[in-house]
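S.K.: model13.cif is reproduced in full below (mmCIF, C-alpha atoms).
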data_upload
#
loop_
_atom_site.group_PDB
_atom_site.id
_atom_site.type_symbol
_atom_site.label_atom_id
_atom_site.label_comp_id
_atom_site.auth_asym_id
_atom_site.auth_seq_id
_atom_site.Cartn_x
_atom_site.Cartn_y
_atom_site.Cartn_z
ATOM 1 C CA MET N 248 7.941 -49.511 121.809
ATOM 2 C CA TYR N 249 10.291 -47.533 119.564
ATOM 3 C CA THR N 250 13.664 -46.183 120.605
ATOM 4 C CA ARG N 251 14.874 -44.667 117.326
ATOM 5 C CA THR N 252 18.358 -45.990 118.102
ATOM 6 C CA GLY N 253 18.267 -48.212 115.017
ATOM 7 C CA ASP N 254 17.371 -45.465 112.583
ATOM 8 C CA ASP N 255 21.030 -45.233 111.545
ATOM 9 C CA GLY N 256 21.135 -48.877 110.391
ATOM 10 C CA THR N 257 22.684 -50.272 113.555
ATOM 11 C CA THR N 258 21.340 -52.417 116.349
ATOM 12 C CA GLY N 259 22.504 -53.251 119.833
ATOM 13 C CA LEU N 260 23.785 -56.695 120.725
ATOM 14 C CA GLY N 261 23.041 -58.164 124.124
ATOM 15 C CA ASP N 262 26.388 -56.943 125.451
ATOM 16 C CA GLY N 263 25.632 -53.345 124.405
ATOM 17 C CA THR N 264 27.876 -53.361 121.330
ATOM 18 C CA ARG N 265 26.340 -51.648 118.307
ATOM 19 C CA VAL N 266 26.658 -53.396 114.957
ATOM 20 C CA ALA N 267 25.226 -53.002 111.474
ATOM 21 C CA LYS N 268 21.773 -54.533 111.096
ATOM 22 C CA ASP N 269 23.053 -56.569 108.159
ATOM 23 C CA SER N 270 26.016 -58.031 110.062
ATOM 24 C CA ALA N 271 26.543 -61.790 109.979
ATOM 25 C CA ARG N 272 25.750 -61.990 113.700
ATOM 26 C CA VAL N 273 22.413 -60.200 113.351
ATOM 27 C CA ALA N 274 21.546 -62.298 110.286
ATOM 28 C CA SER N 275 22.311 -65.449 112.284
ATOM 29 C CA TYR N 276 20.135 -64.725 115.274
ATOM 30 C CA GLY N 277 17.492 -63.128 113.061
ATOM 31 C CA THR N 278 17.143 -66.351 111.089
ATOM 32 C CA VAL N 279 17.004 -68.362 114.318
ATOM 33 C CA ASP N 280 14.136 -66.067 115.342
ATOM 34 C CA GLU N 281 12.451 -66.641 111.970
ATOM 35 C CA LEU N 282 12.804 -70.390 112.488
ATOM 36 C CA ASN N 283 11.173 -70.073 115.897
ATOM 37 C CA SER N 284 8.266 -68.236 114.273
ATOM 38 C CA VAL N 285 7.838 -70.878 111.578
ATOM 39 C CA ILE N 286 7.752 -73.573 114.260
ATOM 40 C CA GLY N 287 4.998 -71.507 115.882
ATOM 41 C CA VAL N 288 3.077 -71.789 112.615
ATOM 42 C CA VAL N 289 3.502 -75.583 112.692
ATOM 43 C CA LEU N 290 2.133 -75.611 116.241
ATOM 44 C CA ALA N 291 -0.774 -73.354 115.250
ATOM 45 C CA GLN N 292 -1.899 -75.982 112.748
ATOM 46 C CA ALA N 293 -3.381 -77.921 115.680
ATOM 47 C CA ASP N 294 -5.708 -74.954 116.267
ATOM 48 C CA LEU N 295 -6.796 -75.222 112.629
ATOM 49 C CA GLY N 296 -7.877 -78.829 112.977
ATOM 50 C CA GLN N 297 -4.660 -80.456 111.785
ATOM 51 C CA ASN N 298 -3.558 -83.583 113.613
ATOM 52 C CA VAL N 299 -0.415 -82.509 115.482
ATOM 53 C CA PRO N 300 0.245 -85.277 118.014
ATOM 54 C CA ALA N 301 0.883 -84.267 121.628
ATOM 55 C CA ASN N 302 4.452 -85.605 121.601
ATOM 56 C CA VAL N 303 5.224 -83.499 118.515
ATOM 57 C CA ARG N 304 3.723 -80.402 120.155
ATOM 58 C CA GLU N 305 5.756 -80.984 123.330
ATOM 59 C CA THR N 306 8.937 -81.447 121.316
ATOM 60 C CA LEU N 307 8.383 -78.329 119.231
ATOM 61 C CA VAL N 308 7.610 -76.169 122.269
ATOM 62 C CA GLN N 309 10.883 -77.348 123.856
ATOM 63 C CA VAL N 310 12.676 -76.539 120.589
ATOM 64 C CA GLN N 311 11.170 -73.039 120.628
ATOM 65 C CA HIS N 312 12.654 -72.466 124.078
ATOM 66 C CA ASP N 313 16.014 -73.807 122.874
ATOM 67 C CA LEU N 314 15.917 -71.527 119.846
ATOM 68 C CA PHE N 315 15.259 -68.531 122.074
ATOM 69 C CA ASP N 316 18.326 -69.579 124.082
ATOM 70 C CA LEU N 317 20.345 -70.009 120.890
ATOM 71 C CA GLY N 318 19.290 -66.570 119.693
ATOM 72 C CA GLY N 319 20.477 -65.165 123.016
ATOM 73 C CA GLU N 320 23.782 -66.968 122.674
ATOM 74 C CA LEU N 321 24.279 -65.518 119.205
ATOM 75 C CA CYS N 322 23.184 -62.039 120.331
ATOM 76 C CA ILE N 323 25.589 -61.950 123.290
ATOM 77 C CA PRO N 324 29.110 -62.806 122.095
ATOM 78 C CA GLY N 325 30.739 -65.243 124.508
ATOM 79 C CA MET N 326 27.444 -66.465 125.995
ATOM 80 C CA ALA N 327 26.918 -70.240 126.268
ATOM 81 C CA MET N 328 23.280 -71.341 126.393
ATOM 82 C CA ILE N 329 23.138 -74.410 124.124
ATOM 83 C CA HIS N 330 24.944 -77.442 125.510
ATOM 84 C CA ALA N 331 25.771 -81.005 124.503
ATOM 85 C CA GLY N 332 22.780 -82.250 126.521
ATOM 86 C CA ASP N 333 20.445 -80.228 124.289
ATOM 87 C CA ILE N 334 21.894 -81.914 121.212
ATOM 88 C CA ASP N 335 21.689 -85.332 122.874
ATOM 89 C CA ARG N 336 17.998 -84.672 123.625
ATOM 90 C CA LEU N 337 17.360 -83.851 119.951
ATOM 91 C CA GLU N 338 19.072 -87.073 118.871
ATOM 92 C CA THR N 339 17.114 -89.190 121.350
ATOM 93 C CA THR N 340 13.851 -87.551 120.295
ATOM 94 C CA LEU N 341 14.673 -87.999 116.616
ATOM 95 C CA ASP N 342 15.472 -91.675 117.166
ATOM 96 C CA GLY N 343 12.158 -92.124 118.984
ATOM 97 C CA PHE N 344 10.081 -90.564 116.214
ATOM 98 C CA ASN N 345 12.060 -92.297 113.478
ATOM 99 C CA ALA N 346 11.642 -95.758 115.033
ATOM 100 C CA ASP N 347 7.946 -95.808 114.086
ATOM 101 C CA LEU N 348 8.468 -94.659 110.481
ATOM 102 C CA PRO N 349 9.065 -96.906 107.510
ATOM 103 C CA ALA N 350 12.543 -96.780 105.988
ATOM 104 C CA LEU N 351 12.849 -94.196 103.244
ATOM 105 C CA LYS N 352 13.265 -95.739 99.805
ATOM 106 C CA ASP N 353 12.591 -92.547 97.838
ATOM 107 C CA PHE N 354 13.072 -88.840 98.317
ATOM 108 C CA ILE N 355 9.999 -87.041 99.595
ATOM 109 C CA LEU N 356 8.668 -83.691 98.500
ATOM 110 C CA PRO N 357 7.485 -81.000 100.915
ATOM 111 C CA GLY N 358 3.793 -81.600 101.477
ATOM 112 C CA GLY N 359 1.671 -84.211 103.162
ATOM 113 C CA GLY N 360 -0.852 -81.820 104.697
ATOM 114 C CA ALA N 361 -0.571 -78.292 106.071
ATOM 115 C CA ALA N 362 1.292 -79.111 109.284
ATOM 116 C CA ALA N 363 3.828 -81.306 107.478
ATOM 117 C CA ALA N 364 4.350 -78.716 104.739
ATOM 118 C CA HIS N 365 4.942 -75.992 107.325
ATOM 119 C CA CYS N 366 7.386 -78.302 109.086
ATOM 120 C CA HIS N 367 9.297 -78.659 105.810
ATOM 121 C CA VAL N 368 9.471 -74.857 105.627
ATOM 122 C CA ALA N 369 10.844 -74.869 109.187
ATOM 123 C CA ARG N 370 13.446 -77.437 108.112
ATOM 124 C CA THR N 371 14.638 -75.274 105.225
ATOM 125 C CA VAL N 372 14.770 -72.149 107.407
ATOM 126 C CA CYS N 373 16.771 -74.211 109.916
ATOM 127 C CA ARG N 374 19.254 -75.152 107.195
ATOM 128 C CA ARG N 375 19.595 -71.475 106.258
ATOM 129 C CA ALA N 376 20.159 -70.559 109.914
ATOM 130 C CA GLU N 377 22.856 -73.229 110.071
ATOM 131 C CA ARG N 378 24.552 -71.801 106.954
ATOM 132 C CA GLU N 379 24.456 -68.304 108.424
ATOM 133 C CA VAL N 380 25.904 -69.447 111.750
ATOM 134 C CA VAL N 381 28.672 -71.312 109.883
ATOM 135 C CA ALA N 382 29.409 -68.124 107.917
ATOM 136 C CA LEU N 383 29.507 -66.142 111.168
ATOM 137 C CA ALA N 384 31.918 -68.697 112.652
ATOM 138 C CA ARG N 385 34.391 -67.955 109.845
ATOM 139 C CA THR N 386 34.908 -64.422 111.168
ATOM 140 C CA GLU N 387 33.785 -64.445 114.809
ATOM 141 C CA ALA N 388 33.765 -66.847 117.732
ATOM 142 C CA VAL N 389 30.789 -69.214 117.663
ATOM 143 C CA ARG N 390 30.539 -72.279 119.843
ATOM 144 C CA ALA N 391 30.421 -75.599 117.997
ATOM 145 C CA GLU N 392 27.291 -76.543 119.951
ATOM 146 C CA ALA N 393 25.310 -73.840 118.135
ATOM 147 C CA ILE N 394 26.130 -75.315 114.740
ATOM 148 C CA ARG N 395 25.616 -78.908 115.906
ATOM 149 C CA TYR N 396 22.238 -78.017 117.441
ATOM 150 C CA LEU N 397 20.949 -76.538 114.181
ATOM 151 C CA ASN N 398 22.293 -79.481 112.196
ATOM 152 C CA ARG N 399 20.467 -82.006 114.388
ATOM 153 C CA LEU N 400 17.351 -79.857 114.530
ATOM 154 C CA SER N 401 17.005 -79.834 110.739
ATOM 155 C CA ASP N 402 17.170 -83.632 110.800
ATOM 156 C CA LEU N 403 14.546 -83.751 113.554
ATOM 157 C CA LEU N 404 12.262 -81.379 111.632
ATOM 158 C CA PHE N 405 12.503 -83.652 108.590
ATOM 159 C CA VAL N 406 11.449 -86.648 110.668
ATOM 160 C CA ILE N 407 8.658 -84.660 112.344
ATOM 161 C CA ALA N 408 7.408 -83.603 108.894
ATOM 162 C CA ARG N 409 7.170 -87.302 108.040
ATOM 163 C CA VAL N 410 5.281 -87.991 111.275
ATOM 164 C CA LEU N 411 2.883 -85.120 110.568
ATOM 165 C CA ALA N 412 2.262 -86.273 106.980
ATOM 166 C CA ARG N 413 1.250 -89.694 108.258
ATOM 167 C CA ALA N 414 -0.838 -88.246 111.119
ATOM 168 C CA SER N 415 -2.746 -86.030 108.681
ATOM 169 C CA GLY N 416 -3.828 -88.980 106.587
ATOM 170 C CA HIS N 417 -2.304 -87.379 103.484
ATOM 171 C CA GLY N 418 0.858 -89.437 103.672
ATOM 172 C CA GLU N 419 4.215 -88.498 102.290
ATOM 173 C CA VAL N 420 4.574 -87.082 98.796
ATOM 174 C CA LEU N 421 7.176 -89.149 96.983
ATOM 175 C CA TRP N 422 9.455 -87.678 94.342
ATOM 176 C CA GLN N 423 8.666 -89.425 91.097
ATOM 177 C CA HIS N 424 12.138 -89.703 89.624
ATOM 178 C CA GLU N 425 10.936 -92.123 86.958
ATOM 179 C CA ARG N 426 8.559 -89.556 85.452
ATOM 180 C CA ARG N 427 11.291 -88.198 83.163
ATOM 181 C CA LYS N 428 11.944 -91.603 81.620
ATOM 182 C CA LYS N 429 8.477 -91.794 80.040
#
In structure tokens, what does this structure look like?

M.R.:
Amino acid sequence: MYTRTGDDGTTGLGDGTRVAKDSARVASYGTVDELNSVIGVVLAQADLGQNVPANVRETLVQVQHDLFDLGGELCIPGMAMIHAGDIDRLETTLDGFNADLPALKDFILPGGGAAAAHCHVARTVCRRAEREVVALARTEAVRAEAIRYLNRLSDLLFVIARVLARASGHGEVLWQHERRKK
């Protein structure tokens, strides 16, 4: 399983190019991989007795496949694996989940049961991945679809966290902005 080729602080991209392990490109696809792992933790909550509805599980498994594709796109400069249709699917899915939720009147805090809390972690990792891909795009070619996908995905993960909080019976944890006025 080990090659020793990375012992000098470099790693190989999908096209064979060797780059520093702390390069913006490696950080970008590494964080996408981390996001995929965190989504796996959300999915594993169903095995721990958490209520993760079937439509949420199906959506998150599809997202995991997309994220693997996105990681490949970022690892192989010039590769195109995320497309407008993938972003459209996220938007349609988000609209479907959001239609059954009450309008937000307050900010919510991460929480609402284990699955929802893990989904909030996934959302914040997604935002970090988006920031890293944007930073990469300042110096190297990155397709706009990669950035748009991550932007929509973070929105979808927020909505899914709300769905999971309600499904768990814990409900959403509202930020108590008035608490400082007492």

S.K.: Can you turn the PyMOL selection byres ((chain N and resi 378) around 12) into a concrete residue list for this file, as a short mmCIF file (atom, residue, chain, number, x, y, z; two decimals) with C-alpha atoms, in the frame of the given file?

M.R.:
data_model
loop_
_atom_site.label_atom_id
_atom_site.label_comp_id
_atom_site.auth_asym_id
_atom_site.auth_seq_id
_atom_site.Cartn_x
_atom_site.Cartn_y
_atom_site.Cartn_z
CA ALA N 271 26.54 -61.79 109.98
CA ARG N 272 25.75 -61.99 113.70
CA ALA N 274 21.55 -62.30 110.29
CA SER N 275 22.31 -65.45 112.28
CA TYR N 276 20.14 -64.72 115.27
CA THR N 278 17.14 -66.35 111.09
CA VAL N 279 17.00 -68.36 114.32
CA THR N 371 14.64 -75.27 105.22
CA VAL N 372 14.77 -72.15 107.41
CA CYS N 373 16.77 -74.21 109.92
CA ARG N 374 19.25 -75.15 107.20
CA ARG N 375 19.60 -71.47 106.26
CA ALA N 376 20.16 -70.56 109.91
CA GLU N 377 22.86 -73.23 110.07
CA GLU N 379 24.46 -68.30 108.42
CA VAL N 380 25.90 -69.45 111.75
CA VAL N 381 28.67 -71.31 109.88
CA ALA N 382 29.41 -68.12 107.92
CA LEU N 383 29.51 -66.14 111.17
CA ALA N 384 31.92 -68.70 112.65
CA ARG N 385 34.39 -67.96 109.84
CA ALA N 393 25.31 -73.84 118.14
CA ILE N 394 26.13 -75.32 114.74
CA ARG N 395 25.62 -78.91 115.91
CA LEU N 397 20.95 -76.54 114.18
CA ASN N 398 22.29 -79.48 112.20
CA SER N 401 17.00 -79.83 110.74
#

S.K.: For atom CA of Leu317 of chain N and atom CA of Val266 of chain N, quote the distance in Å rounded to one decimal.

M.R.: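 A separation of 18.7 Å between them.
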
S.K.: When you count all atoms listed in the file, which of these residues is closest to Val406 of chain N: N:Glu338, N:Glu425, N:Asp313, N:Glu387?

M.R.: N:Glu338

S.K.: Report the distance between atom CA of Leu290 of chain N and atom CA of Leu348 of chain N in Å, rounded to one decimal place.

M.R.: 20.9 Å

S.K.: Provide the atom CA of Thr386 of chain N to atom CA of Val273 of chain N distance in Å, to one decimal place.

M.R.: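 Atom CA of Val273 of chain N lies at a distance of 13.4 Å from atom CA of Thr386 of chain N.
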
S.K.: Rank N:Tyr396, N:Asn283, N:Ala388, N:Pro357 by their smallest atom-to-atom distance to His417 of chain N, using only C-alpha atoms, and report the top residue only.

M.R.: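 Of N:Tyr396, N:Asn283, N:Ala388, N:Pro357, the one nearest His417 of chain N, counting only C-alpha atoms, is N:Pro357.
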
S.K.: Residue by residue, what does the PyMOL selection byres ((chain N and resi 326) around 10) grab here? Present the result as a CSV table (one decimal) with C-alpha atoms, in the coordinates of the input.

M.R.:
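Here's the written file part-v9.csv:
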chain,number,residue,atom,x,y,z
N,261,GLY,CA,23.0,-58.2,124.1
N,262,ASP,CA,26.4,-56.9,125.5
N,316,ASP,CA,18.3,-69.6,124.1
N,317,LEU,CA,20.3,-70.0,120.9
N,319,GLY,CA,20.5,-65.2,123.0
N,320,GLU,CA,23.8,-67.0,122.7
N,321,LEU,CA,24.3,-65.5,119.2
N,322,CYS,CA,23.2,-62.0,120.3
N,323,ILE,CA,25.6,-62.0,123.3
N,324,PRO,CA,29.1,-62.8,122.1
N,325,GLY,CA,30.7,-65.2,124.5
N,327,ALA,CA,26.9,-70.2,126.3
N,328,MET,CA,23.3,-71.3,126.4
N,329,ILE,CA,23.1,-74.4,124.1
N,389,VAL,CA,30.8,-69.2,117.7
N,390,ARG,CA,30.5,-72.3,119.8

S.K.: Using all atoms listed in the file, determine which residues lie at most 10 Å from Val288 of chain N, disregarding the query and same-chain residues fewer than 4 positions distant; provide the list as number ranges by chain.

M.R.: N: 282-284, 292-293, 361-362, 365-366, 368-369

S.K.: For Ile407 of chain N, which of N:His367, N:Lys268, N:Arg336, N:His330 is the closest residue, counting all atoms listed in the file?

M.R.: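 With all atoms listed in the file as the atom set, the closest residue is N:His367.
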
S.K.: Counting only C-alpha atoms, figure out which residue out of N:Leu411, N:His312, N:Phe354, N:Thr257 gets nearest to His424 of chain N.

M.R.: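 Ranked by minimum distance to His424 of chain N, first place goes to N:Phe354.
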
S.K.: Asn302 of chain N: which residues within 12 Å, counting all atoms listed in the file, same-chain residues fewer than 2 positions away excluded, as a count of residues only?

M.R.: 17

S.K.: Please determine the residues with any atom at most 8 Å from (22.5, -50.0, 111.9) (coordinates as given in the file, with all atoms listed in the file counting) and report them as a list in words.

M.R.: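 Residues satisfying the cut-off, written out: Gly253, Asp254, Asp255, Gly256, Thr257, Thr258, Arg265, Val266, Ala267, Lys268 and Asp269 of chain N.
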
S.K.: Which neighbours of Thr339 of chain N fall inside 12 Å, counting all atoms listed in the file, when residues of the same chain fewer than 6 positions from it are skipped, and could you give them as a VMD selection string?

M.R.: chain N and resid 306 332 to 333 345 to 346 399 to 400 402 to 403

S.K.: For Leu421 of chain N, which of N:Gln297, N:Gly318, N:Arg409, N:Arg370 is the closest residue, counting all atoms listed in the file?

M.R.: N:Arg409

S.K.: Compare N:Ile355, N:Ala364, N:Val310, N:Ala408 by their minimum atom-to-atom distance to Trp422 of chain N, counting all atoms listed in the file, and give me the closest one.

M.R.: N:Ile355

S.K.: With N, CA, C and O atoms as the goal, would you fill in the gaps in segment 358-372 of chain N and present it as a PDB file, in the frame of the given file?

M.R.:
ATOM      1  N   GLY N 358       5.236 -81.444 101.617  1.00  0.00           N
ATOM      2  CA  GLY N 358       3.793 -81.600 101.477  1.00  0.00           C
ATOM      3  C   GLY N 358       3.291 -82.555 102.528  1.00  0.00           C
ATOM      4  O   GLY N 358       3.879 -82.682 103.592  1.00  0.00           O
ATOM      5  N   GLY N 359       2.213 -83.245 102.221  1.00  0.00           N
ATOM      6  CA  GLY N 359       1.671 -84.211 103.162  1.00  0.00           C
ATOM      7  C   GLY N 359       0.730 -83.590 104.172  1.00  0.00           C
ATOM      8  O   GLY N 359       0.628 -84.072 105.295  1.00  0.00           O
ATOM      9  N   GLY N 360       0.053 -82.530 103.789  1.00  0.00           N
ATOM     10  CA  GLY N 360      -0.852 -81.820 104.697  1.00  0.00           C
ATOM     11  C   GLY N 360      -0.220 -80.514 105.159  1.00  0.00           C
ATOM     12  O   GLY N 360       0.995 -80.307 105.038  1.00  0.00           O
ATOM     13  N   ALA N 361      -1.039 -79.637 105.708  1.00  0.00           N
ATOM     14  CA  ALA N 361      -0.571 -78.292 106.071  1.00  0.00           C
ATOM     15  C   ALA N 361       0.515 -78.318 107.144  1.00  0.00           C
ATOM     16  O   ALA N 361       1.533 -77.638 107.017  1.00  0.00           O
ATOM     17  N   ALA N 362       0.305 -79.098 108.195  1.00  0.00           N
ATOM     18  CA  ALA N 362       1.292 -79.111 109.284  1.00  0.00           C
ATOM     19  C   ALA N 362       2.630 -79.653 108.787  1.00  0.00           C
ATOM     20  O   ALA N 362       3.689 -79.094 109.094  1.00  0.00           O
ATOM     21  N   ALA N 363       2.592 -80.731 108.007  1.00  0.00           N
ATOM     22  CA  ALA N 363       3.828 -81.306 107.478  1.00  0.00           C
ATOM     23  C   ALA N 363       4.523 -80.326 106.534  1.00  0.00           C
ATOM     24  O   ALA N 363       5.753 -80.165 106.593  1.00  0.00           O
ATOM     25  N   ALA N 364       3.758 -79.679 105.671  1.00  0.00           N
ATOM     26  CA  ALA N 364       4.350 -78.716 104.739  1.00  0.00           C
ATOM     27  C   ALA N 364       5.009 -77.557 105.490  1.00  0.00           C
ATOM     28  O   ALA N 364       6.113 -77.133 105.138  1.00  0.00           O
ATOM     29  N   HIS N 365       4.342 -77.060 106.518  1.00  0.00           N
ATOM     30  CA  HIS N 365       4.942 -75.992 107.325  1.00  0.00           C
ATOM     31  C   HIS N 365       6.199 -76.488 108.040  1.00  0.00           C
ATOM     32  O   HIS N 365       7.160 -75.737 108.210  1.00  0.00           O
ATOM     33  N   CYS N 366       6.204 -77.737 108.437  1.00  0.00           N
ATOM     34  CA  CYS N 366       7.386 -78.302 109.086  1.00  0.00           C
ATOM     35  C   CYS N 366       8.548 -78.385 108.090  1.00  0.00           C
ATOM     36  O   CYS N 366       9.702 -78.162 108.464  1.00  0.00           O
ATOM     37  N   HIS N 367       8.252 -78.676 106.840  1.00  0.00           N
ATOM     38  CA  HIS N 367       9.297 -78.659 105.810  1.00  0.00           C
ATOM     39  C   HIS N 367       9.844 -77.243 105.629  1.00  0.00           C
ATOM     40  O   HIS N 367      11.051 -77.071 105.430  1.00  0.00           O
ATOM     41  N   VAL N 368       8.984 -76.239 105.696  1.00  0.00           N
ATOM     42  CA  VAL N 368       9.471 -74.857 105.627  1.00  0.00           C
ATOM     43  C   VAL N 368      10.395 -74.584 106.820  1.00  0.00           C
ATOM     44  O   VAL N 368      11.473 -74.003 106.660  1.00  0.00           O
ATOM     45  N   ALA N 369       9.993 -75.039 108.001  1.00  0.00           N
ATOM     46  CA  ALA N 369      10.844 -74.869 109.187  1.00  0.00           C
ATOM     47  C   ALA N 369      12.199 -75.541 108.972  1.00  0.00           C
ATOM     48  O   ALA N 369      13.249 -74.985 109.331  1.00  0.00           O
ATOM     49  N   ARG N 370      12.193 -76.724 108.381  1.00  0.00           N
ATOM     50  CA  ARG N 370      13.446 -77.437 108.112  1.00  0.00           C
ATOM     51  C   ARG N 370      14.354 -76.629 107.199  1.00  0.00           C
ATOM     52  O   ARG N 370      15.556 -76.510 107.449  1.00  0.00           O
ATOM     53  N   THR N 371      13.792 -76.029 106.150  1.00  0.00           N
ATOM     54  CA  THR N 371      14.638 -75.274 105.225  1.00  0.00           C
ATOM     55  C   THR N 371      15.126 -73.974 105.856  1.00  0.00           C
ATOM     56  O   THR N 371      16.253 -73.552 105.599  1.00  0.00           O
ATOM     57  N   VAL N 372      14.315 -73.341 106.679  1.00  0.00           N
ATOM     58  CA  VAL N 372      14.770 -72.149 107.407  1.00  0.00           C
ATOM     59  C   VAL N 372      15.876 -72.546 108.384  1.00  0.00           C
ATOM     60  O   VAL N 372      16.858 -71.817 108.558  1.00  0.00           O
TER      61      VAL N 372
END
